[in-house]
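Enquirer: One structure is given below, represented as C-alpha cells, and several questions about it will come after.
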2 protein chains.
Amino acid sequence: MLFKGKELSMEEKIIHSIRGLGIDMIDEAKSGHPGIVLGAAPILYTLYAKHLKINPKDPNWYDRDRFVLSAGHGSALLYATLFLAGYDLDLEDLKKFRKLDSLTPGHPEYAVTPGVDMTTGPLGQGLATAVGMAMAEEYLGTYFRKKEAPLINHYTYVLCGDGDLMEGVSYEAISLAGQLKLNKLIAIYDCNQISLDGKVDKTMIENIPQRFNAMNWNVFIVQDGESVDAIDNAIEKAKTSIERPNLIIVNTTIGKFSKYQGTNKAHGTPLEKDDIVAIKERMGLRPIPFIVSSDACEAFQAMIKERTEPIYKQYKELHEKLKEDVKAELEKLEQKDASIEDVMIDYQIPESKEEEIRVTGGKVLNALAKNHPFLLGGAADVSTSTKTYLTDEGDFGPQNSLGRNIWYGVREHAMGAITNGLALMGLRPFASCFLAFSDYLKPAIRMSCLMNLPTIYIFTHDSFKVGEDGPTHQPVEQLIGLRSIPNIEVFRPADANEVIGTYKYIATKKEGPSVIVLGRNKAKIQENTSINDIQKGGYITKKEHKNLSAILISSGEELEITHEVATKLEEKGYDIRVVSMPSIERFKKQPEKYRESLLPLGVKTFVIEASSSYSWYEFVYNQKYLITMDEFGKSGSKQELERKYQFDVESIENRIEELLK
Amino acid sequence: MLFKGKELSMEEKIIHSIRGLGIDMIDEAKSGHPGIVLGAAPILYTLYAKHLKINPKDPNWYDRDRFVLSAGHGSALLYATLFLAGYDLDLEDLKKFRKLDSLTPGHPEYAVTPGVDMTTGPLGQGLATAVGMAMAEEYLGTYFRKKEAPLINHYTYVLCGDGDLMEGVSYEAISLAGQLKLNKLIAIYDCNQISLDGKVDKTMIENIPQRFNAMNWNVFIVQDGESVDAIDNAIEKAKTSIERPNLIIVNTTIGKFSKYQGTNKAHGTPLEKDDIVAIKERMGLRPIPFIVSSDACEAFQAMIKERTEPIYKQYKELHEKLKEDVKAELEKLEQKDASIEDVMIDYQIPESKEEEIRVTGGKVLNALAKNHPFLLGGAADVSTSTKTYLTDEGDFGPQNSLGRNIWYGVREHAMGAITNGLALMGLRPFASCFLAFSDYLKPAIRMSCLMNLPTIYIFTHDSFKVGEDGPTHQPVEQLIGLRSIPNIEVFRPADANEVIGTYKYIATKKEGPSVIVLGRNKAKIQENTSINDIQKGGYITKKEHKNLSAILISSGEELEITHEVATKLEEKGYDIRVVSMPSIERFKKQPEKYRESLLPLGVKTFVIEASSSYSWYEFVYNQKYLITMDEFGKSGSKQELERKYQFDVESIENRIEELLK
C-alpha cells in the first residue's frame with residue numbers, strides 16, 4: 001500500500017504526531033491506555049503550544065506553570081507531548097514506555113521524568129493536589145512580592161477525567177478551591193462520556209456545570225474537543241478570572257480515529273495492529289512506528305520558545321537582582337529543600353511537669369512556626385482538639401494570602417492531597433486530625449510516601465484511652481497501617497522532651513513524610529527521656545542495675561505506665577531495663593551494633609503499646625510478650641477501659657511477672 | 001428559687017423533655033455534644049411522633065423505617081428520644097451515658113442500643129450507608145412483591161450535619177443516590193452554620209440546594225427549625241417524591257437556649273451547671289436532673305402507637321399468610337442471618353489447569369450468585385478488570401430494581417459504605433476494586449468490622465506483580481493494613497481450589513467481614529491445594545519426607561513459586577514442608593495443637609509473600625527468614641520486577657539455602 005499523506009496544517013501535524021507516538025508507545029509496551037491519547041491530544045497541544053509558561057530545558061524553573069495529569073493513565077499522551085516539546089526525552093525513552101527503570105513509567109512519576117510535576121494514577125489525587133499547588137502559588141507569590149521580589153506568578157493546570165470527578169477527594173478539594181477563590185487554578189475536564197466499565201451515564205448523570213457553580217467555580221464549555229481555537233479561547237477566558245477557580249469542560253471522543261472510538265474498548269488495552277495502521281492513515285501519518293517529522297518537533301518547540309523565552313529571561317534577570325537573603329530563600333524552594341535549619345524551640349515545661357501531650361504538641365508546633373514562614377497547615381475542623389492552630393499566624397484565605405492556618409473543614413482526604421501539593425511547591429506543610437480518622441486520608445499519605453515529600457501529619461486522640469467517644473474514635477490498627485507504608489517515619493512521643501525532639505528532628509528532614517501521634521491525656525515528664533535520642537528511634541530511659549532480668553519496650557502514652565511497672569518489678573527483685581521507642585522506622589535505620597546494645601539477644605523482652613500487635617512481633621519471642629491491643633475498644637472512661645483491657649499497672653505487672661518466674 | 005413553670009403545649013413538653021434529658025446525660029457523663037441535642041430536638045420529635053414507621057416494642061421489625069443519625073455525636077439526642085418513645089431503655093440507662101458496657105455508648109452503636117440502626121460517629125458514613133439501605137429496600141421490596149409478598153415498603157431517613165456534607169464519601173453517595181433515583185431516601189440536614197472549629201462559612205460556602213439539584217435530588221427548606229409544622233410539611237412532601245432522593249434543609253440553632261447558642265462553644269463540651277439551670281428555666285422545665293414528666297412520655301408513646309400499630313398488625317397478618325418458602329426467606333432477613341446454605345459451586349477447572357486467578361474468582365462468584373438471590377454487589381468502575389460482573393443478573397437501577405450488578409462508578413469509598421448498608425438490611429453484598437485502592441474505602445471497611453457485618457470485599461491486582469502500571473497500582477502495605485483490623489478475615493487464595501474453598505467458607509459465615517485478594521496473573525492449580533482446608537487458614541500442601549529441614553509458608557500467587565523452590569531445595573538434599581496460608585486470621589483461630597503440628601517449634605521457617613513483612617514476623621526467627629516486600633515497586637514487566645526484587649526461583653532458593661547451611 002502506498003502511503004497517501006494528506007495535506008496537514010502544522011497544528012494538525014503536531015497533534016497527530018503526539019497521537020501517533022502515544023499509540024506506538026502503548027503498542028510497543030503491550031499495555032497502556034490509548035483512549036485518552038487519541039481523545040485529548042488537542043488539549044495537550046493547546047496547553048503546551050499556547051499557554052503553559054515553561055522552559056523544557058529547565059523543567060524545574062520555579063515559576064513555571066504547573067501541569068498535573070490527574071488522569072494519570074494518560075501517561076503516554078504526556079510523554080509524547082513532552083518529547084515533542086523538547087524536554088530531555090528521546091525516542092529511545094519513549095520506546096521503553098512502562099519498562100523497568102525507564103524515564104517513561106506506566107503512570108507519571110514525580111522526580112523521574114522531566115516535565116512531570118507530580119505522581120498520578122490513583123484517581124482524584126491529581127486534581128486535589130493541584131488545589132494545594134495553587135494555594136502555595138498564592139501564598140508564595142504574595143510572600144515574595146511583599147519582599148519586593150515579584151517572581152512568583154503562575155497558573156496551575158490540571159487535566160482530569162470522569163473518574164477524577166467521581167472521587168470524593170476531588171469533590172472535597174473542588175469545594176475548598178471555590179471557598180478559597182483560587183482564580184489561578186484551571187482544571188480541564190476531558191469529557192468523553194466513557195469510563196473503564198462503559199458509558200459514564202451508567203454511573204454519573206450529574207449536572208457538572210451546576211455542581212461546579214454551586215461551589216463557586218467558573219465553568220466554560222468547549223463543544224468540539226478537536227477545535228484548538230475553542231480550547232484556546234476557553235483557557236484565555238479562564239486566565240482572566242478574578243475570584244473563582246475555573247473548569248473547562250472539553251467534549252472529546254475517547255479513542256478518536258480508532259475503530260473503537262467512543263467506546264470503553266478504547267480505554268485501557270493496546271489497539272490492534274490493523275487499527276493502528278488505519279488510525280495513522282486517517283490522520284495522514286505514515287504507518288511506521290516511532291516515526292515523527294522533525295519539522296513538527298521544531299515548530300512545536302519554536303512556538304513554546306518564542307512565547308516563553310522572554311518571560312524566562314525576565315525571571316532570571318529579576319533573580320539576579322534579588323537581595324541575598326531573599327535569594328537564599330527562593331533558592332531553597334528551587335532546590336526542593338524544605339528543611340529547617342537552626343531549629344529553636346521556645347517551650348517552657350510547665351511547673352507541674354505534666355501536660356496533655358496534644359497541648360505540648362501544639363505549643364512546640366507554634367514555637368517552631370514562629371521563625372519559619374514556610375511552615376503552614378491546618379486541621380480537618382478539629383484544630384481546637386488537635387491543638388495545631390498557629391495562634392500568631394492568621395488564617396489563609398482570599399482576605400489573607402499570608403495566613404498560615406488552613407481551614408480544611410471536615411475534608412480529611414483533600415487535606416492530605418493538598419498537603420502534598422503544598423510540599424511539591426517547596427513549603428513545609430502539616431495536616432492534622434484524630435488518629436482514628438487518618439484512614440480517611442490514607443490514599444493521600446501513600447502519595448506523600450511515593451513522592452517522598454517532607455509532609456508532616458499530626459494525629460491526636462491516640463488509642464482506646466480516648467475513652468468515652470467509643471470504638472469509632474479509638475484507633476487500634478492505624479499505627480501499624482501507617483508504619484507499614486514505605487518511606488514513612490512514624491513518631492509516638494511519650495512526653496514533652498520527646499515531642500520537642502520529634503519536631504527538632506523532623507524539621508531538619510529534607511524529604512520523606514513524618515507522622516506524629518499524640519494522645520489526648522495528660523503525660524508526666526519521664527525521667528531520662530531525651531530530646532536528642534529521638535532520632536535514633538529507640539533509647540534507654542531506665543537502666544538495669546546489674547543482672548538484666550527483662551527489657552520493657554514502650555512508646556507514647558504507655559511509657560509512663562511502663563516505668564511504673566518497672567519500679568514495681570524491681571521492688572520484687574527483678575532487674576529491669578526500659579527502652580522508649582517512639583519510632584520503629586528510625587530504630588531500624590540505626591547500626592546493628594546500636595540496636596543489639598539496646599536489645600541484646602536472649603533477654604526476655606516485652607512491649608507495652610495500646611495498639612495492634614503486628615507492629616511489634618519482631619522484637620519478642622511470641623504473642624505472650626506483647627501487651628498490646630487487638631480488639632476494638634468501647635465507650636467508657638480511660639480508667640474503666642484500662643482495667644477492662646488490662647492496661648493498668650497491676651495487670652501488666654502480673655502478666656510480665658508470670659513470664660519472668 | 002421557686003420554679004415558675006410556664007404553660008407548655010404537649011409538643012413543647014416532649015421536645016423540651018428530650019432536650020432536658022439530653023443535656024443531663026452529657027452533664028452526668030462529663031462529656032458529649034450538647035449543641036445538636038438542643039438544636040435538633042424538634043426534628044427528632046417530628047420524625048418519631050409523626051413519621052417513622054416503627055414499633056418501639058419490636059425494634060427489629062423488618063419493615064420499619066430506618067433512621068440513621070449520621071451526625072453520630074448527637075447520640076444523647078437519639079437516646080433521649082428513644083427513651084421517651086418507649087424503647088427498652090430506662091432512666092438508669094440514660095444515666096450511664098458513655099460509661100462502660102452501658103446501653104448508651106458515646107456514639108450510637110449497632111446491636112447495642114434498641115432503636116439504633118447503625119453505628120455512626122465517623123462523619124459521612126451514616127449518610128452514605130443510608131443510601132445502601134434505601135437500595136436494599138428497593139431491591140427487597142420488589143423481590144418480595146414479585147413473590148406476592150408486599151411486606152417491604154418503607155423509608156430510609158438520615159439526620160446529617162455540616163460535617164457529613166463536607167466529607168467526600170457523602171458526596172459520592174449523594175451522587176449515586178441521585179443516579180439511582182432513590183425516592184424513598186429522605187436526608188435531613190441540621191443546618192446550624194457551626195462546626196467544631198467555628199463558623200461553617202469559614203470552610204463551606206457551597207450553595208447546597210444547587211449542589212443537590214445538580215445531583216438529581218429534591219431540596220426542601222425549613223426556615224425555622226423550631227417549627228414542627230414546617231418540618232412535618234417538608235417530610236410529608238418528600239415522601240411523595242417519585243424519582244428523586246430528598247434533602248430537607250432545616251435551619252436550626254446549635255445549643256438553642258444555652259448562653260453559648262449559635263457558637264461552637266456549644267458543640268462538643270458539657271454545658272456549665274448554671275447554664276443548664278437557665279436553659280431548663282427558659283424551656284419551662286424544673287431544674288432537676290433526669291426528671292421527666294410521665295404525661296410527656298405517655299403522650300409521645302401514644303402518638304407513635306396510634307399511628308403505627310395498625311401498620312404493624314397488618315404486617316404481622318400478611319406475614320402469617322406467607323407461603324412457607326417465602327416466609328423462610330423473610331425470616332432469615334429478620335434474623336439478620338445472611339449465611340448461604342448448601343453452597344453449590346459449579347466451576348470447571350480449565351483443561352490447561354491454569355487461569356488468571358481473578359478470572360477464576362469471577363467464575364466462582366458467578367456460580368455462587370446463581371442460586372443465591374441476596375448476593376449482589378459491584379465494583380468501582382473496574383468490574384471489567386476485577387471480573388466481578390454477574391453475567392446473568394442484570395444491572396441494578398431505576399429500570400431494574402432486581403438487577404444485582406451495582407454500578408458504583410469511581411467511588412470506592414461510597415461503595416464501601418453502601419455495602420455496609422446493604423448488609424445491615426440482611427443482604428449479602430460484595431464490593432470490588434484494585435487492592436492498592438482498598439485504601440480509598442478503608443474507613444468503610446472499618447465500619448464493617450465494627451458492626452461485624454458479613455460483607456465481602458474482593459480486591460484484585462495484588463502485589464508488585466501487577467507490573468507495568470507501576471507503584472501507584474502495586475500494593476505493598478495494604479494486606480497488613482487489612483489484616484490488622486479487628487473482626488476481619490483476609491483470604492489470599494493461591495489457585496482455583498483455594499478460591500472455591502474461600503467462597504464456600506465465606507458463604508456460610510453469618511457475620512464478620514471477609515476480604516478476598518486475587519492476583520491478575522495466571523495461576524497453575526497446585527498439587528494438594530484443598531477446598532476444605534481453607535477455613536483452617538493454613539495447611540500442608542507439600543509434606544516433608546523424613547527429616548524436616550525447613551518449612552516454607554506462603555500465600556496467594558507466591559505458592560506456585562514456593563513449590564518450585566521446595567523442589568529445587570529437595571534436589572539439593574533438603575527435606576522441605578510447604579504450608580499454604582491463605583488466611584492468617586483463620587489460622588490463629590485454630591486449636592494450638594493444630595497450629596503446632598503444622599509449624600513445630602525449633603524448625604527453620606520461612607515466609608514467601610510479596611507484601612509487607614509486618615504480617616509475618618510472628619512466624620519466623622527474624623527478618624532474614626522473610627522473603628517479603630517492604631518498598632514501593634516500579635513500573636516494569638512482572639518478570640523484570642521478580643528479578644529486581646529477588647522474587648524469582650533462583651534468588652529465593654539461594655536466600656533460603658544460605659540460612660539452611
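How things are named: the first chain in the C-alpha cells is A, the next is B, and so on; residues count from 1 in each chain; ligands count from 1 in the order shown.
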Within 6 Å of chain A, which residues of chain B show up? Give each one with its shortest atom-to-atom distance in Å (one decimal) and the two atoms involved, counting only C-alpha atoms, rows by chain then rising residue number, as a Markdown table.
Expert:
| residue | atom | partner | partner_atom | distance |
| --- | --- | --- | --- | --- |
| B:Arg98 | CA | A:Glu468 | CA | 5.3 |
| B:Lys99 | CA | A:Gly636 | CA | 4.3 |
| B:Leu100 | CA | A:Gly636 | CA | 4.2 |
| B:Pro105 | CA | A:Ser635 | CA | 5.3 |
| B:Gly106 | CA | A:Asp469 | CA | 4.7 |
| B:Gly163 | CA | A:Val410 | CA | 5.4 |
| B:Met166 | CA | A:Val410 | CA | 5.6 |
| B:Glu167 | CA | A:Arg411 | CA | 5.3 |
| B:Gly168 | CA | A:Gly168 | CA | 3.7 |
| B:Val169 | CA | A:Gly168 | CA | 5.5 |
| B:Glu172 | CA | A:Gly168 | CA | 5.6 |
| B:Asp197 | CA | A:Asp381 | CA | 5.3 |
| B:Thr203 | CA | A:Gly409 | CA | 5.0 |
| B:Glu206 | CA | A:Met215 | CA | 4.8 |
| B:Asn207 | CA | A:Ala214 | CA | 4.8 |
| B:Gln210 | CA | A:Ala214 | CA | 5.5 |
| B:Arg211 | CA | A:Arg211 | CA | 5.1 |
| B:Ala214 | CA | A:Asn207 | CA | 4.7 |
| B:Met215 | CA | A:Glu206 | CA | 4.8 |
| B:Asp381 | CA | A:Asp197 | CA | 5.3 |
| B:Val382 | CA | A:Asp197 | CA | 6.0 |
| B:Thr384 | CA | A:Asp197 | CA | 5.9 |
| B:Gly409 | CA | A:Thr203 | CA | 5.0 |
| B:Val410 | CA | A:Gly163 | CA | 5.4 |
| B:Arg411 | CA | A:Glu167 | CA | 5.3 |
| B:Asp439 | CA | A:Pro443 | CA | 5.6 |
| B:Pro443 | CA | A:Asp439 | CA | 5.6 |
| B:Glu468 | CA | A:Arg98 | CA | 5.3 |
| B:Asp469 | CA | A:Gly106 | CA | 4.7 |
| B:Gly470 | CA | A:Gly106 | CA | 5.6 |
| B:Glu477 | CA | A:Ser484 | CA | 5.5 |
| B:Gly481 | CA | A:Gly481 | CA | 4.7 |
| B:Ser484 | CA | A:Glu477 | CA | 5.5 |
| B:Ile485 | CA | A:Glu477 | CA | 5.6 |
| B:Pro486 | CA | A:Glu631 | CA | 5.2 |
| B:Tyr617 | CA | A:Glu618 | CA | 5.3 |
| B:Glu618 | CA | A:Tyr617 | CA | 5.3 |
| B:Glu631 | CA | A:Pro486 | CA | 5.2 |
| B:Ser635 | CA | A:Pro105 | CA | 5.3 |
| B:Gly636 | CA | A:Leu100 | CA | 4.2 |
Enquirer: Near Leu427 in chain A, counting only C-alpha atoms, which residues have an atom at most 10 Å away, once you skip same-chain residues fewer than 6 positions from it, shown as a JSON list (two decimals) with N, CA, C and O atoms, in the first residue's frame?
Expert:
[["chain", "number", "residue", "atom", "x", "y", "z"],
["A", 133, "MET", "N", -1.22, 23.08, 45.16],
["A", 133, "MET", "CA", -0.20, 23.83, 44.42],
["A", 133, "MET", "C", -0.66, 25.27, 44.19],
["A", 133, "MET", "O", 0.12, 26.21, 44.32],
["A", 136, "ALA", "N", -0.29, 27.22, 47.29],
["A", 136, "ALA", "CA", 1.11, 27.56, 47.54],
["A", 136, "ALA", "C", 1.53, 28.73, 46.65],
["A", 136, "ALA", "O", 2.26, 29.64, 47.09],
["A", 139, "TYR", "N", 0.23, 31.81, 48.22],
["A", 139, "TYR", "CA", 0.99, 32.15, 49.43],
["A", 139, "TYR", "C", 2.37, 32.72, 49.07],
["A", 139, "TYR", "O", 2.76, 33.80, 49.50],
["A", 140, "LEU", "N", 3.08, 31.97, 48.24],
["A", 140, "LEU", "CA", 4.47, 32.34, 47.95],
["A", 140, "LEU", "C", 4.54, 33.58, 47.05],
["A", 140, "LEU", "O", 5.45, 34.41, 47.21],
["A", 332, "LYS", "N", 16.24, 27.86, 48.15],
["A", 332, "LYS", "CA", 15.85, 26.64, 48.87],
["A", 332, "LYS", "C", 14.59, 26.04, 48.23],
["A", 332, "LYS", "O", 14.49, 24.82, 48.08],
["A", 333, "LEU", "N", 13.68, 26.90, 47.87],
["A", 333, "LEU", "CA", 12.48, 26.41, 47.18],
["A", 333, "LEU", "C", 12.85, 25.74, 45.86],
["A", 333, "LEU", "O", 12.37, 24.66, 45.53],
["A", 336, "LYS", "N", 14.09, 22.39, 46.13],
["A", 336, "LYS", "CA", 13.16, 21.48, 46.81],
["A", 336, "LYS", "C", 13.71, 21.08, 48.18],
["A", 336, "LYS", "O", 13.62, 19.91, 48.58],
["A", 337, "ASP", "N", 14.30, 22.04, 48.85],
["A", 337, "ASP", "CA", 14.86, 21.74, 50.16],
["A", 337, "ASP", "C", 13.99, 22.43, 51.22],
["A", 337, "ASP", "O", 14.09, 23.63, 51.42],
["A", 338, "ALA", "N", 13.14, 21.65, 51.85],
["A", 338, "ALA", "CA", 12.21, 22.23, 52.82],
["A", 338, "ALA", "C", 12.72, 22.07, 54.24],
["A", 338, "ALA", "O", 11.98, 22.26, 55.20],
["A", 339, "SER", "N", 13.98, 21.71, 54.37],
["A", 339, "SER", "CA", 14.49, 21.52, 55.72],
["A", 339, "SER", "C", 14.58, 22.86, 56.45],
["A", 339, "SER", "O", 14.74, 23.90, 55.84],
["A", 373, "PRO", "N", 8.66, 30.77, 58.13],
["A", 373, "PRO", "CA", 7.47, 31.21, 57.40],
["A", 373, "PRO", "C", 6.93, 30.20, 56.40],
["A", 373, "PRO", "O", 5.81, 30.36, 55.94],
["A", 374, "PHE", "N", 7.70, 29.18, 56.06],
["A", 374, "PHE", "CA", 7.20, 28.21, 55.09],
["A", 374, "PHE", "C", 6.51, 27.02, 55.76],
["A", 374, "PHE", "O", 6.07, 26.09, 55.10],
["A", 375, "LEU", "N", 6.46, 27.05, 57.07],
["A", 375, "LEU", "CA", 5.71, 26.02, 57.79],
["A", 375, "LEU", "C", 4.26, 26.50, 57.93],
["A", 375, "LEU", "O", 4.00, 27.56, 58.50],
["A", 376, "LEU", "N", 3.35, 25.74, 57.38],
["A", 376, "LEU", "CA", 1.93, 26.11, 57.46],
["A", 376, "LEU", "C", 1.07, 24.87, 57.36],
["A", 376, "LEU", "O", 1.56, 23.81, 56.99],
["A", 377, "GLY", "N", -0.18, 24.99, 57.74],
["A", 377, "GLY", "CA", -1.03, 23.81, 57.68],
["A", 377, "GLY", "C", -2.35, 24.02, 58.37],
["A", 377, "GLY", "O", -2.75, 25.16, 58.64],
["A", 419, "THR", "N", -1.97, 18.88, 51.13],
["A", 419, "THR", "CA", -0.69, 18.89, 51.83],
["A", 419, "THR", "C", 0.43, 18.45, 50.88],
["A", 419, "THR", "O", 1.51, 19.05, 50.85],
["A", 420, "ASN", "N", 0.16, 17.45, 50.07],
["A", 420, "ASN", "CA", 1.15, 17.03, 49.07],
["A", 420, "ASN", "C", 1.43, 18.16, 48.08],
["A", 420, "ASN", "O", 2.58, 18.38, 47.69],
["A", 421, "GLY", "N", 0.39, 18.86, 47.67],
["A", 421, "GLY", "CA", 0.57, 19.96, 46.73],
["A", 421, "GLY", "C", 1.43, 21.07, 47.32],
["A", 421, "GLY", "O", 2.32, 21.62, 46.65],
["A", 454, "PRO", "N", 8.38, 15.92, 52.17],
["A", 454, "PRO", "CA", 8.57, 16.18, 53.61],
["A", 454, "PRO", "C", 7.32, 16.72, 54.30],
["A", 454, "PRO", "O", 7.36, 17.78, 54.93],
["A", 455, "THR", "N", 6.24, 16.01, 54.16],
["A", 455, "THR", "CA", 4.99, 16.41, 54.80],
["A", 455, "THR", "C", 4.98, 15.98, 56.27],
["A", 455, "THR", "O", 5.69, 15.07, 56.67]]
Enquirer: Contacts of Ala566 in chain B at 10 Å or less, counting only C-alpha atoms, minus same-chain residues fewer than 5 places along, as a list in words?
Expert: Lys542, Glu544, Ala550, Ile551, Leu552, Glu560, Ile561, Glu571, Lys572, Tyr574, Asp575, Ile576, Arg577, Val578, Val649, Glu653 and Ile656 of chain B
Enquirer: Dump all heavy atoms for the selected residues as a compact mmCIF listing (two decimals), in the first residue's frame?
Expert:
# COMPACT_ATOMS: atom_id res chain seq x y z
N LYS B 542 2.70 -29.55 50.84
CA LYS B 542 3.78 -30.46 50.47
C LYS B 542 4.41 -30.99 51.75
O LYS B 542 4.97 -30.21 52.53
CB LYS B 542 4.84 -29.73 49.63
CG LYS B 542 5.76 -30.68 48.89
CD LYS B 542 7.13 -30.08 48.69
CE LYS B 542 8.22 -31.14 48.84
NZ LYS B 542 8.29 -31.80 50.14
N GLU B 544 7.09 -33.07 54.05
CA GLU B 544 8.50 -33.46 54.01
C GLU B 544 8.57 -34.99 53.94
O GLU B 544 7.56 -35.67 54.13
CB GLU B 544 9.23 -32.97 55.27
CG GLU B 544 8.81 -33.63 56.57
CD GLU B 544 7.51 -33.08 57.14
OE1 GLU B 544 6.83 -32.31 56.45
OE2 GLU B 544 7.16 -33.47 58.28
N ALA B 550 13.20 -27.64 56.78
CA ALA B 550 12.65 -26.28 56.83
C ALA B 550 11.19 -26.27 56.40
O ALA B 550 10.75 -27.15 55.68
CB ALA B 550 13.45 -25.34 55.92
N ILE B 551 10.50 -25.25 56.88
CA ILE B 551 9.11 -25.05 56.47
C ILE B 551 9.03 -23.76 55.67
O ILE B 551 9.58 -22.74 56.09
CB ILE B 551 8.18 -24.95 57.70
CG1 ILE B 551 8.26 -26.24 58.51
CG2 ILE B 551 6.74 -24.65 57.27
CD1 ILE B 551 7.55 -26.16 59.85
N LEU B 552 8.37 -23.82 54.54
CA LEU B 552 8.13 -22.62 53.75
C LEU B 552 6.64 -22.29 53.81
O LEU B 552 5.81 -23.08 53.37
CB LEU B 552 8.54 -22.82 52.29
CG LEU B 552 9.92 -23.42 51.99
CD1 LEU B 552 10.19 -23.40 50.48
CD2 LEU B 552 11.03 -22.69 52.74
N GLU B 560 2.91 -20.94 44.14
CA GLU B 560 3.46 -21.67 43.00
C GLU B 560 5.00 -21.64 43.01
O GLU B 560 5.66 -22.68 42.93
CB GLU B 560 2.92 -21.03 41.71
CG GLU B 560 3.34 -21.75 40.45
CD GLU B 560 2.63 -21.18 39.20
OE1 GLU B 560 1.47 -20.71 39.32
OE2 GLU B 560 3.25 -21.18 38.12
N ILE B 561 5.52 -20.45 43.16
CA ILE B 561 6.98 -20.30 43.17
C ILE B 561 7.58 -21.00 44.40
O ILE B 561 8.69 -21.56 44.36
CB ILE B 561 7.38 -18.81 43.07
CG1 ILE B 561 8.69 -18.68 42.33
CG2 ILE B 561 7.45 -18.15 44.41
CD1 ILE B 561 8.97 -17.26 41.89
N GLU B 571 16.11 -31.22 45.63
CA GLU B 571 17.15 -31.77 44.74
C GLU B 571 18.53 -31.62 45.38
O GLU B 571 19.44 -32.37 45.09
CB GLU B 571 17.13 -31.06 43.39
CG GLU B 571 15.95 -31.48 42.51
CD GLU B 571 15.72 -30.54 41.33
OE1 GLU B 571 16.61 -29.70 41.07
OE2 GLU B 571 14.66 -30.63 40.72
N LYS B 572 18.64 -30.61 46.23
CA LYS B 572 19.92 -30.39 46.90
C LYS B 572 20.01 -31.12 48.23
O LYS B 572 20.95 -30.92 49.00
CB LYS B 572 20.14 -28.91 47.12
CG LYS B 572 20.40 -28.16 45.82
CD LYS B 572 20.70 -26.70 46.07
CE LYS B 572 21.02 -26.01 44.75
NZ LYS B 572 21.02 -24.56 44.89
N TYR B 574 17.68 -31.11 50.84
CA TYR B 574 16.91 -30.62 51.99
C TYR B 574 15.53 -31.24 51.98
O TYR B 574 14.98 -31.57 50.92
CB TYR B 574 16.81 -29.09 51.93
CG TYR B 574 18.14 -28.42 52.01
CD1 TYR B 574 18.73 -27.88 50.86
CD2 TYR B 574 18.81 -28.29 53.23
CE1 TYR B 574 19.97 -27.25 50.92
CE2 TYR B 574 20.05 -27.66 53.30
CZ TYR B 574 20.62 -27.15 52.15
OH TYR B 574 21.84 -26.54 52.21
N ASP B 575 14.97 -31.39 53.15
CA ASP B 575 13.65 -32.01 53.28
C ASP B 575 12.66 -30.90 53.68
O ASP B 575 12.71 -30.39 54.80
CB ASP B 575 13.74 -33.12 54.34
CG ASP B 575 12.59 -34.10 54.21
OD1 ASP B 575 11.74 -33.91 53.31
OD2 ASP B 575 12.54 -35.05 55.02
N ILE B 576 11.79 -30.58 52.76
CA ILE B 576 11.01 -29.34 52.89
C ILE B 576 9.52 -29.59 53.05
O ILE B 576 8.94 -30.43 52.37
CB ILE B 576 11.22 -28.46 51.63
CG1 ILE B 576 12.72 -28.21 51.38
CG2 ILE B 576 10.44 -27.16 51.75
CD1 ILE B 576 13.39 -27.29 52.34
N ARG B 577 8.92 -28.84 53.95
CA ARG B 577 7.45 -28.82 54.06
C ARG B 577 6.97 -27.46 53.54
O ARG B 577 7.57 -26.42 53.82
CB ARG B 577 7.05 -28.98 55.52
CG ARG B 577 5.55 -28.79 55.76
CD ARG B 577 5.20 -28.82 57.24
NE ARG B 577 5.49 -30.12 57.83
CZ ARG B 577 5.15 -30.44 59.08
NH1 ARG B 577 4.54 -29.56 59.88
NH2 ARG B 577 5.45 -31.64 59.56
N VAL B 578 5.88 -27.50 52.80
CA VAL B 578 5.27 -26.23 52.37
C VAL B 578 3.91 -26.10 53.03
O VAL B 578 3.09 -27.03 53.01
CB VAL B 578 5.12 -26.14 50.84
CG1 VAL B 578 4.42 -24.84 50.44
CG2 VAL B 578 6.49 -26.22 50.16
N VAL B 649 12.70 -17.78 41.31
CA VAL B 649 13.00 -19.04 41.99
C VAL B 649 14.45 -19.07 42.49
O VAL B 649 14.72 -19.39 43.65
CB VAL B 649 12.75 -20.25 41.05
CG1 VAL B 649 13.18 -21.54 41.72
CG2 VAL B 649 11.26 -20.32 40.71
N GLU B 653 15.61 -19.40 46.32
CA GLU B 653 16.31 -20.63 46.67
C GLU B 653 17.66 -20.32 47.33
O GLU B 653 18.00 -20.87 48.38
CB GLU B 653 16.52 -21.42 45.37
CG GLU B 653 17.15 -22.77 45.53
CD GLU B 653 17.66 -23.28 44.17
OE1 GLU B 653 17.17 -22.78 43.12
OE2 GLU B 653 18.56 -24.13 44.18
N ILE B 656 17.30 -18.89 50.87
CA ILE B 656 16.91 -19.90 51.86
C ILE B 656 18.09 -20.84 52.15
O ILE B 656 18.40 -21.14 53.31
CB ILE B 656 15.67 -20.68 51.38
CG1 ILE B 656 14.47 -19.74 51.36
CG2 ILE B 656 15.41 -21.89 52.28
CD1 ILE B 656 13.20 -20.35 50.80
Enquirer: Work out how far CA of Gly255 in chain A is from CA of His267 in chain A, in Å to one decimal.
Expert: 7.2 Å
Enquirer: Which residues are close to Asp274 in chain A, i.e. within 12 Å by only C-alpha atoms, leaving aside same-chain residues fewer than 4 positions away? Reply as a list of chain:residue names.
Expert: A:Asp27, A:Ser258, A:Lys259, A:Pro270, A:Ala278, A:Ile279, A:Lys280, A:Glu281, A:Pro287
